[in-house]
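This is data-v2.txt. It holds compact mmCIF, C-alpha atoms.
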# COMPACT_ATOMS: atom_id res chain seq x y z
CA MET A 416 -2.17 18.60 24.77
CA LYS A 417 0.59 18.90 22.18
CA ASP A 418 -0.07 17.71 18.65
CA ILE A 419 2.88 15.30 18.60
CA VAL A 420 1.49 13.40 15.63
CA ARG A 421 1.59 16.50 13.43
CA GLN A 422 5.08 17.27 14.68
CA LYS A 423 6.23 13.83 13.61
CA ILE A 424 4.35 13.22 10.38
CA GLY A 425 3.60 15.60 7.50
CA ILE A 426 0.86 13.52 5.91
CA ASN A 427 -2.47 12.21 7.13
CA VAL A 428 -2.23 8.76 8.76
CA ASP A 429 -5.17 7.35 6.75
CA ILE A 430 -3.54 8.62 3.55
CA MET A 431 -0.34 6.89 4.63
CA ASP A 432 -2.30 3.62 4.87
CA MET A 433 -3.73 4.12 1.40
CA LEU A 434 -0.29 4.95 0.00
CA ASN A 435 1.05 1.76 1.56
CA GLU A 436 -1.72 -0.18 -0.18
CA GLN A 437 -0.74 1.58 -3.39
CA ILE A 438 2.85 0.40 -2.88
CA SER A 439 1.54 -3.18 -2.85
CA LYS A 440 -0.46 -2.57 -6.02
CA GLU A 441 2.52 -1.08 -7.87
CA ALA A 442 4.70 -3.99 -6.74
CA HIS A 443 2.09 -6.47 -7.93
CA SER A 444 1.87 -4.61 -11.22
CA SER A 445 5.65 -4.71 -11.65
CA SER A 446 5.72 -8.47 -11.06
CA ALA A 447 2.74 -9.03 -13.36
CA TYR A 448 4.60 -7.27 -16.21
CA LEU A 449 7.62 -9.43 -15.50
CA ALA A 450 5.47 -12.56 -15.91
CA MET A 451 4.06 -11.19 -19.16
CA ALA A 452 7.59 -10.40 -20.41
CA SER A 453 8.62 -13.96 -19.64
CA TRP A 454 5.68 -15.36 -21.63
CA CYS A 455 6.59 -13.14 -24.61
CA ASP A 456 10.24 -14.20 -24.45
CA HIS A 457 9.25 -17.88 -24.53
CA ASN A 458 6.92 -17.33 -27.47
CA GLY A 459 9.37 -15.53 -29.75
CA LEU A 460 7.88 -12.08 -29.16
CA THR A 461 11.12 -10.40 -28.14
CA GLY A 462 9.98 -6.86 -28.96
CA SER A 463 7.01 -7.10 -26.61
CA ALA A 464 9.18 -8.80 -24.00
CA GLU A 465 11.59 -5.86 -24.05
CA PHE A 466 8.70 -3.40 -23.77
CA LEU A 467 7.23 -5.29 -20.80
CA TYR A 468 10.59 -5.54 -19.01
CA LYS A 469 10.79 -1.73 -19.21
CA GLN A 470 7.21 -1.46 -18.03
CA SER A 471 8.01 -3.65 -15.04
CA LEU A 472 10.89 -1.35 -14.10
CA GLU A 473 8.64 1.71 -14.45
CA GLU A 474 6.11 0.23 -12.04
CA ARG A 475 8.88 -0.45 -9.56
CA ASP A 476 10.02 3.17 -9.93
CA HIS A 477 6.45 4.29 -9.14
CA MET A 478 6.46 2.07 -6.08
CA MET A 479 9.77 3.53 -4.91
CA LYS A 480 8.53 7.06 -5.45
CA ILE A 481 5.62 6.44 -3.06
CA PHE A 482 7.81 4.47 -0.66
CA ARG A 483 10.27 7.35 -0.31
CA PHE A 484 7.50 9.95 -0.08
CA ILE A 485 5.99 8.20 2.94
CA ASN A 486 9.31 7.81 4.75
CA GLU A 487 10.55 11.31 3.92
CA ASN A 488 7.41 12.77 5.47
CA GLY A 489 7.65 10.94 8.77
CA GLY A 490 5.43 7.98 7.98
CA THR A 491 6.39 4.32 7.75
CA ALA A 492 6.45 2.61 4.37
CA TYR A 493 6.03 -1.16 4.44
CA SER A 494 7.83 -3.44 2.01
CA PRO A 495 5.10 -5.30 0.10
CA GLU A 496 4.51 -9.02 -0.28
CA VAL A 497 3.67 -10.05 -3.82
CA SER A 498 1.54 -13.09 -4.63
CA ASN A 499 -1.02 -14.33 -7.16
CA ILE A 500 0.92 -13.49 -10.31
CA LEU A 501 -0.66 -14.84 -13.49
CA HIS A 502 1.81 -16.62 -15.79
CA ASP A 503 -0.54 -18.24 -18.30
CA PHE A 504 -1.84 -16.36 -21.32
CA ASN A 505 -3.50 -17.38 -24.59
CA SER A 506 -2.21 -14.62 -26.85
CA LEU A 507 -0.28 -11.35 -27.05
CA GLN A 508 -3.58 -9.53 -27.39
CA GLU A 509 -4.77 -11.05 -24.12
CA ILE A 510 -1.57 -9.84 -22.46
CA PHE A 511 -2.17 -6.25 -23.52
CA GLU A 512 -5.84 -6.38 -22.59
CA THR A 513 -4.83 -7.63 -19.13
CA ALA A 514 -2.20 -4.88 -18.94
CA LEU A 515 -4.75 -2.19 -19.81
CA ASP A 516 -7.18 -3.53 -17.20
CA GLN A 517 -4.36 -3.46 -14.68
CA GLU A 518 -3.54 0.17 -15.51
CA ILE A 519 -7.21 1.15 -15.24
CA ALA A 520 -7.36 -0.45 -11.79
CA ILE A 521 -4.24 1.49 -10.74
CA THR A 522 -5.76 4.75 -12.08
CA LYS A 523 -8.94 4.15 -10.08
CA SER A 524 -6.90 3.48 -6.98
CA ILE A 525 -4.84 6.68 -7.42
CA ASN A 526 -8.00 8.72 -8.02
CA ASN A 527 -9.49 7.23 -4.88
CA ILE A 528 -6.52 8.42 -2.81
CA VAL A 529 -6.66 11.89 -4.38
CA ALA A 530 -10.36 12.11 -3.44
CA LYS A 531 -9.54 11.12 0.14
CA CYS A 532 -6.69 13.69 0.23
CA ARG A 533 -9.19 16.41 -0.64
CA LYS A 534 -11.61 15.17 1.99
CA VAL A 535 -9.03 15.26 4.79
CA GLN A 536 -7.28 18.34 3.35
CA ASP A 537 -3.93 16.62 2.90
CA PHE A 538 -2.78 18.93 0.14
CA ALA A 539 0.85 17.82 0.20
CA SER A 540 -0.12 14.25 -0.67
CA GLU A 541 -2.63 15.44 -3.24
CA ASN A 542 0.04 17.53 -4.91
CA PHE A 543 2.43 14.57 -4.87
CA LEU A 544 -0.20 12.34 -6.47
CA GLN A 545 -0.89 14.72 -9.35
CA TRP A 546 2.19 13.35 -11.11
CA PHE A 547 0.66 9.86 -10.88
CA VAL A 548 -2.69 11.07 -12.24
CA HIS A 549 -0.93 12.40 -15.32
CA GLU A 550 1.33 9.36 -15.63
CA GLN A 551 -1.63 6.95 -15.48
CA MET A 552 -3.34 8.71 -18.37
CA GLU A 553 -0.18 8.26 -20.45
CA GLU A 554 0.13 4.59 -19.47
CA GLU A 555 -3.49 3.81 -20.29
CA ASN A 556 -3.22 5.55 -23.68
CA GLN A 557 -0.08 3.63 -24.48
CA PHE A 558 -1.87 0.30 -24.04
CA ARG A 559 -4.94 1.52 -25.92
CA ARG A 560 -2.75 2.37 -28.93
CA ILE A 561 -1.22 -1.12 -28.84
CA LEU A 562 -4.65 -2.79 -28.71
CA GLU A 563 -5.75 -0.67 -31.68
CA MET A 564 -2.90 -2.23 -33.67
CA PHE A 565 -4.47 -5.65 -33.14
CA ASP A 566 -7.80 -4.29 -34.38
CA LEU A 567 -6.16 -2.85 -37.48
CA MET A 568 -3.62 -5.52 -38.36
CA GLY A 569 -5.07 -8.75 -36.96
CA THR A 570 -3.57 -11.22 -34.56
CA ASP A 571 -1.95 -13.95 -36.65
CA GLY A 572 1.26 -14.70 -38.55
CA ILE A 573 3.06 -11.78 -40.09
CA ALA A 574 0.72 -9.23 -38.47
CA LEU A 575 1.74 -10.47 -35.03
CA LYS A 576 5.43 -10.13 -35.89
CA LEU A 577 4.90 -6.62 -37.27
CA ILE A 578 2.99 -5.59 -34.13
CA ASP A 579 5.76 -7.05 -31.98
CA GLU A 580 8.36 -4.96 -33.82
CA ARG A 581 6.27 -1.82 -33.55
CA ILE A 582 5.79 -2.37 -29.81
CA LYS A 583 9.56 -2.68 -29.45
CA HIS A 584 10.12 0.66 -31.14
CA GLY A 585 7.26 2.30 -29.24
CA GLU A 586 5.37 3.25 -32.38
CA MET B 645 0.59 12.28 30.92
CA ASN B 646 -2.63 12.67 28.99
CA LEU B 647 -4.96 9.71 28.79
CA LEU B 648 -5.97 9.03 25.20
CA PHE B 649 -8.15 5.96 25.65
CA LYS B 650 -8.86 3.37 28.29
CA SER B 651 -10.41 -0.02 27.67
CA TYR B 652 -11.08 -2.76 30.23
CA ASN B 653 -7.48 -4.05 30.35
CA PHE B 654 -5.44 -1.57 28.31
CA ALA B 655 -4.86 2.18 28.19
CA SER B 656 -2.96 4.61 25.98
CA TYR B 657 -1.33 7.89 26.99
CA GLN B 658 0.55 10.77 25.42
CA CYS B 659 3.42 12.41 27.27
CA ASP B 660 4.05 15.98 26.08
CA ARG B 661 7.35 16.29 27.94
CA SER B 662 9.04 13.23 26.39
CA ARG B 663 7.01 13.57 23.15
CA CYS B 664 6.22 9.87 23.41
CA PHE B 665 3.29 7.55 23.85
CA TYR B 666 2.66 4.90 26.47
CA ILE B 667 0.57 1.76 26.26
CA ASP B 668 -0.47 0.19 29.54
CA PHE B 669 -0.96 -3.52 28.97
CA GLY B 670 -2.20 -4.08 32.52
CA HIS B 671 0.86 -5.79 33.90
CA LYS B 672 3.40 -3.72 31.97
CA THR B 673 3.61 -0.22 30.50
CA VAL B 674 5.57 0.28 27.29
CA LYS B 675 7.00 3.58 26.06
CA LEU B 676 6.70 4.10 22.31
CA SER B 677 7.91 6.74 19.90
CA PHE B 678 5.40 7.81 17.25
CA CYS B 679 7.16 5.58 14.74
CA GLN B 680 6.83 2.61 17.10
CA LEU B 681 3.18 3.43 17.72
CA LEU B 682 2.62 3.40 13.94
CA SER B 683 4.32 0.02 13.78
CA LEU B 684 2.09 -1.36 16.55
CA ARG B 685 -0.95 0.01 14.74
CA GLN B 686 0.06 -1.74 11.53
CA LYS B 687 0.66 -5.05 13.31
CA VAL B 688 -2.65 -4.92 15.16
CA GLN B 689 -4.58 -3.91 12.05
CA LYS B 690 -3.05 -6.81 10.12
CA ILE B 691 -4.31 -9.41 12.60
CA ASP B 692 -7.06 -11.43 10.93
CA LEU B 693 -9.75 -11.82 13.57
CA ASP B 694 -11.75 -14.26 11.42
CA SER B 695 -8.88 -16.75 11.64
CA HIS B 696 -9.45 -16.92 15.41
CA PHE B 697 -12.79 -18.56 14.74
CA ASP B 698 -11.36 -21.10 12.31
CA LYS B 699 -9.46 -23.98 13.90
CA ASP B 700 -7.55 -24.68 10.67
CA LEU B 701 -6.26 -21.14 10.31
CA ASN B 702 -5.41 -20.37 13.93
CA TYR B 703 -5.54 -23.50 16.07
CA SER B 704 -4.29 -21.90 19.28
CA GLY B 705 -6.39 -18.75 19.00
CA ILE B 706 -3.51 -16.53 20.08
CA GLU B 707 -1.40 -13.80 18.51
CA ILE B 708 2.22 -13.03 19.26
CA LEU B 709 2.93 -9.32 19.13
CA THR B 710 6.44 -7.89 19.17
CA LEU B 711 7.00 -4.23 19.97
CA CYS B 712 9.82 -1.70 19.65
CA ASN B 713 12.14 -3.78 17.45
CA ARG B 714 11.37 -6.96 19.40
CA GLU B 715 12.27 -5.41 22.76
CA HIS B 716 8.88 -6.52 24.09
CA LEU B 717 6.78 -9.57 23.34
CA PHE B 718 3.10 -10.01 24.10
CA ILE B 719 0.83 -13.00 23.69
CA LEU B 720 -2.78 -12.01 23.19
CA ASP B 721 -5.87 -14.19 23.14
CA THR B 722 -8.91 -13.45 20.97
CA MET B 723 -10.62 -11.15 23.49
CA GLN B 724 -7.40 -9.22 24.05
CA VAL B 725 -6.89 -8.87 20.29
CA ILE B 726 -10.39 -7.40 19.95
CA GLU B 727 -9.64 -5.02 22.81
CA MET B 728 -6.26 -4.06 21.32
CA LYS B 729 -7.86 -3.32 17.94
CA GLU B 730 -10.38 -1.09 19.73
CA LEU B 731 -7.62 0.65 21.69
CA ILE B 732 -5.57 1.42 18.56
CA LYS B 733 -8.59 2.68 16.65
CA ALA B 734 -9.74 4.91 19.50
CA THR B 735 -6.21 6.16 20.25
CA PHE B 736 -5.66 7.31 16.66
CA GLY B 737 -9.16 8.75 16.63
CA MET B 738 -8.29 10.84 19.68
CA LEU B 739 -4.99 11.93 18.14
CA GLU B 740 -6.78 13.03 14.98
CA LEU B 741 -9.32 14.93 17.04
CA ASN B 742 -6.49 16.61 18.92
CA SER B 743 -4.89 17.64 15.61
CA LEU B 744 -8.16 19.18 14.48
CA VAL B 745 -8.61 21.08 17.75
CA THR B 746 -4.98 22.28 17.89
CA HIS B 747 -4.87 23.60 14.32
CA SER B 748 -8.41 24.88 13.91
In structure tokens, write the structure found in this file.
Amino acid sequence: MKDIVRQKIGINVDIMDMLNEQISKEAHSSSAYLAMASWCDHNGLTGSAEFLYKQSLEERDHMMKIFRFINENGGTAYSPEVSNILHDFNSLQEIFETALDQEIAITKSINNIVAKCRKVQDFASENFLQWFVHEQMEEENQFRRILEMFDLMGTDGIALKLIDERIKHGE
Amino acid sequence: MNLLFKSYNFASYQCDRSRCFYIDFGHKTVKLSFCQLLSLRQKVQKIDLDSHFDKDLNYSGIEILTLCNREHLFILDTMQVIEMKELIKATFGMLELNSLVTHS
């Protein structure tokens, strides 16, 4: 019997499922950043808002990267539905703590797919995901640095404004 | 045609000559490309079986399944959904096994 599946698709079908789930997670992440940006805009934290708008776009780019990878390799990428986006926050610090937690969850999810790639010997997908492994480390570190600013400078008044400006300039 | 899996009412086949797959629904056989088979798999996997046992979530206890860009339409009851889920799982299991055997 011919191996028609392998002729049609270059990646493992189970990995394709996991990548589709990852698409949903990246889309959710992108929308979550958008909600955070909106909160910052309404609370006079324009620097952080700008940073989070960019972050939202980055997450969408990640989603598109996976989306195209699946389709280019013969699989079927599914456009995700996004729900349960949190719009209420107590402080800027809470926003960045939530953002870091979100990035950690994404890292875990990526690592999980890489582990499965190794198990099923889907080296093409593993190689593709290496970029994400590296990217996630950068993203996590970025949010850690921002949270350290709150530890150093405090969370009220002028300190908050200074942090907001530093976030805008990516310091 | 090579039989991939046969359940009580349904069966799946692979045709090497046309490089396509066939699903026999009992009263009707549908030809599917691999892409269409993937789409069917996704639709079947997404069906929430638990909702069939909750009157508020799925009052009628049926699922409407469209295939091949809505060329075909099937209405499945709970037992048929269970059987279809089994068929899809076993079919892809057989295809994976075939891949392993072919390339080992």
Residues within 12 Å of range 684-698 of chain B, all atoms listed in the file, excluding chain neighbours under 5 positions, as a PyMOL selection string: (chain A and resi 428-429+431-432+435-436+490-493) or (chain B and resi 665-667+674-679+703-714+716-718+720-736)
Produce a table with one row for each residue of chain B that has an atom at most 9 Å from any atom of chain A, each row naming the nearest atom pair and its distance in Å at one decimal; use all atoms listed in the file; arrange rows by chain and rising residue number; format as JSON lines.
{"residue": "B:Asn646", "atom": "CA", "partner": "A:Met416", "partner_atom": "CA", "distance": 7.3}
{"residue": "B:Gln658", "atom": "CA", "partner": "A:Met416", "partner_atom": "CA", "distance": 8.3}
{"residue": "B:Cys659", "atom": "CA", "partner": "A:Met416", "partner_atom": "CA", "distance": 8.7}
{"residue": "B:Asp660", "atom": "CA", "partner": "A:Lys417", "partner_atom": "CA", "distance": 6.0}
{"residue": "B:Arg663", "atom": "CA", "partner": "A:Ile419", "partner_atom": "CA", "distance": 6.4}
{"residue": "B:Cys664", "atom": "CA", "partner": "A:Ile419", "partner_atom": "CA", "distance": 8.0}
{"residue": "B:Phe678", "atom": "CA", "partner": "A:Val420", "partner_atom": "CA", "distance": 7.0}
{"residue": "B:Cys679", "atom": "CA", "partner": "A:Thr491", "partner_atom": "CA", "distance": 7.1}
{"residue": "B:Leu682", "atom": "CA", "partner": "A:Thr491", "partner_atom": "CA", "distance": 7.3}
{"residue": "B:Ser683", "atom": "CA", "partner": "A:Thr491", "partner_atom": "CA", "distance": 7.7}
{"residue": "B:Gln686", "atom": "CA", "partner": "A:Asp432", "partner_atom": "CA", "distance": 8.9}
{"residue": "B:Phe736", "atom": "CA", "partner": "A:Val428", "partner_atom": "CA", "distance": 8.7}
{"residue": "B:Leu739", "atom": "CA", "partner": "A:Val420", "partner_atom": "CA", "distance": 7.1}
{"residue": "B:Glu740", "atom": "CA", "partner": "A:Val420", "partner_atom": "CA", "distance": 8.3}
{"residue": "B:Asn742", "atom": "CA", "partner": "A:Asp418", "partner_atom": "CA", "distance": 6.5}
{"residue": "B:Ser743", "atom": "CA", "partner": "A:Asp418", "partner_atom": "CA", "distance": 5.7}
{"residue": "B:Thr746", "atom": "CA", "partner": "A:Asp418", "partner_atom": "CA", "distance": 6.8}
{"residue": "B:His747", "atom": "CA", "partner": "A:Asp418", "partner_atom": "CA", "distance": 8.7}
Å distance separating CA of Asn653 in chain B from CA of Gly670 in chain B, one decimal place: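 These two atoms are separated by 5.7 Å.
Between CA of Phe543 in chain A and CA of Ser439 in chain A the separation is 17.9 Å.
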Protein and nucleic acid residues near (7.4, -3.7, -14.6) (cut-off 8 Å, all atoms listed in the file) as a PDB file with C-alpha atoms, in the coordinates of the input:
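New file out-v3.pdb:
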ATOM      1  CA  SER A 444       1.870  -4.610 -11.220  1.00  0.00           C
ATOM      2  CA  SER A 445       5.650  -4.710 -11.650  1.00  0.00           C
ATOM      3  CA  SER A 446       5.720  -8.470 -11.060  1.00  0.00           C
ATOM      4  CA  ALA A 447       2.740  -9.030 -13.360  1.00  0.00           C
ATOM      5  CA  TYR A 448       4.600  -7.270 -16.210  1.00  0.00           C
ATOM      6  CA  LEU A 449       7.620  -9.430 -15.500  1.00  0.00           C
ATOM      7  CA  LEU A 467       7.230  -5.290 -20.800  1.00  0.00           C
ATOM      8  CA  TYR A 468      10.590  -5.540 -19.010  1.00  0.00           C
ATOM      9  CA  LYS A 469      10.790  -1.730 -19.210  1.00  0.00           C
ATOM     10  CA  GLN A 470       7.210  -1.460 -18.030  1.00  0.00           C
ATOM     11  CA  SER A 471       8.010  -3.650 -15.040  1.00  0.00           C
ATOM     12  CA  LEU A 472      10.890  -1.350 -14.100  1.00  0.00           C
ATOM     13  CA  GLU A 473       8.640   1.710 -14.450  1.00  0.00           C
ATOM     14  CA  GLU A 474       6.110   0.230 -12.040  1.00  0.00           C
ATOM     15  CA  ARG A 475       8.880  -0.450  -9.560  1.00  0.00           C
TER      16      ARG A 475
END
Residue nearest Leu647 in chain B - candidates B:Leu744, B:Asp668, B:Lys699, B:Leu681, atoms counted: all atoms listed in the file: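 With all atoms listed in the file as the atom set, the closest residue is B:Asp668.
When CA of Ala574 in chain A is paired with CA of Gln551 in chain A, their separation reads 28.2 Å.
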Since the input lacks some atoms of range 732-744 of chain B, please model N, CA and C atoms and print them as an mmCIF file, in the frame of the given file.
data_model
loop_
_atom_site.group_PDB
_atom_site.id
_atom_site.type_symbol
_atom_site.label_atom_id
_atom_site.label_comp_id
_atom_site.auth_asym_id
_atom_site.auth_seq_id
_atom_site.Cartn_x
_atom_site.Cartn_y
_atom_site.Cartn_z
ATOM 1 N N ILE B 732 -6.338 0.753 19.631
ATOM 2 C CA ILE B 732 -5.570 1.420 18.560
ATOM 3 C C ILE B 732 -6.480 2.363 17.770
ATOM 4 N N LYS B 733 -7.656 1.866 17.432
ATOM 5 C CA LYS B 733 -8.590 2.680 16.650
ATOM 6 C C LYS B 733 -8.973 3.946 17.422
ATOM 7 N N ALA B 734 -9.305 3.777 18.678
ATOM 8 C CA ALA B 734 -9.740 4.910 19.500
ATOM 9 C C ALA B 734 -8.578 5.861 19.769
ATOM 10 N N THR B 735 -7.382 5.316 19.982
ATOM 11 C CA THR B 735 -6.210 6.160 20.250
ATOM 12 C C THR B 735 -5.935 7.074 19.061
ATOM 13 N N PHE B 736 -5.920 6.498 17.864
ATOM 14 C CA PHE B 736 -5.660 7.310 16.660
ATOM 15 C C PHE B 736 -6.818 8.258 16.370
ATOM 16 N N GLY B 737 -8.000 7.853 16.755
ATOM 17 C CA GLY B 737 -9.160 8.750 16.630
ATOM 18 C C GLY B 737 -8.983 9.975 17.506
ATOM 19 N N MET B 738 -8.527 9.740 18.741
ATOM 20 C CA MET B 738 -8.290 10.840 19.680
ATOM 21 C C MET B 738 -7.169 11.749 19.191
ATOM 22 N N LEU B 739 -6.126 11.148 18.642
ATOM 23 C CA LEU B 739 -4.990 11.930 18.140
ATOM 24 C C LEU B 739 -5.410 12.803 16.965
ATOM 25 N N GLU B 740 -6.287 12.260 16.131
ATOM 26 C CA GLU B 740 -6.780 13.030 14.980
ATOM 27 C C GLU B 740 -7.642 14.192 15.462
ATOM 28 N N LEU B 741 -8.453 13.892 16.448
ATOM 29 C CA LEU B 741 -9.320 14.930 17.040
ATOM 30 C C LEU B 741 -8.464 16.040 17.637
ATOM 31 N N ASN B 742 -7.400 15.637 18.318
ATOM 32 C CA ASN B 742 -6.490 16.610 18.920
ATOM 33 C C ASN B 742 -5.837 17.500 17.855
ATOM 34 N N SER B 743 -5.480 16.882 16.734
ATOM 35 C CA SER B 743 -4.890 17.640 15.610
ATOM 36 C C SER B 743 -5.873 18.686 15.118
ATOM 37 N N LEU B 744 -7.122 18.270 14.987
ATOM 38 C CA LEU B 744 -8.160 19.180 14.480
ATOM 39 C C LEU B 744 -8.364 20.363 15.432
#
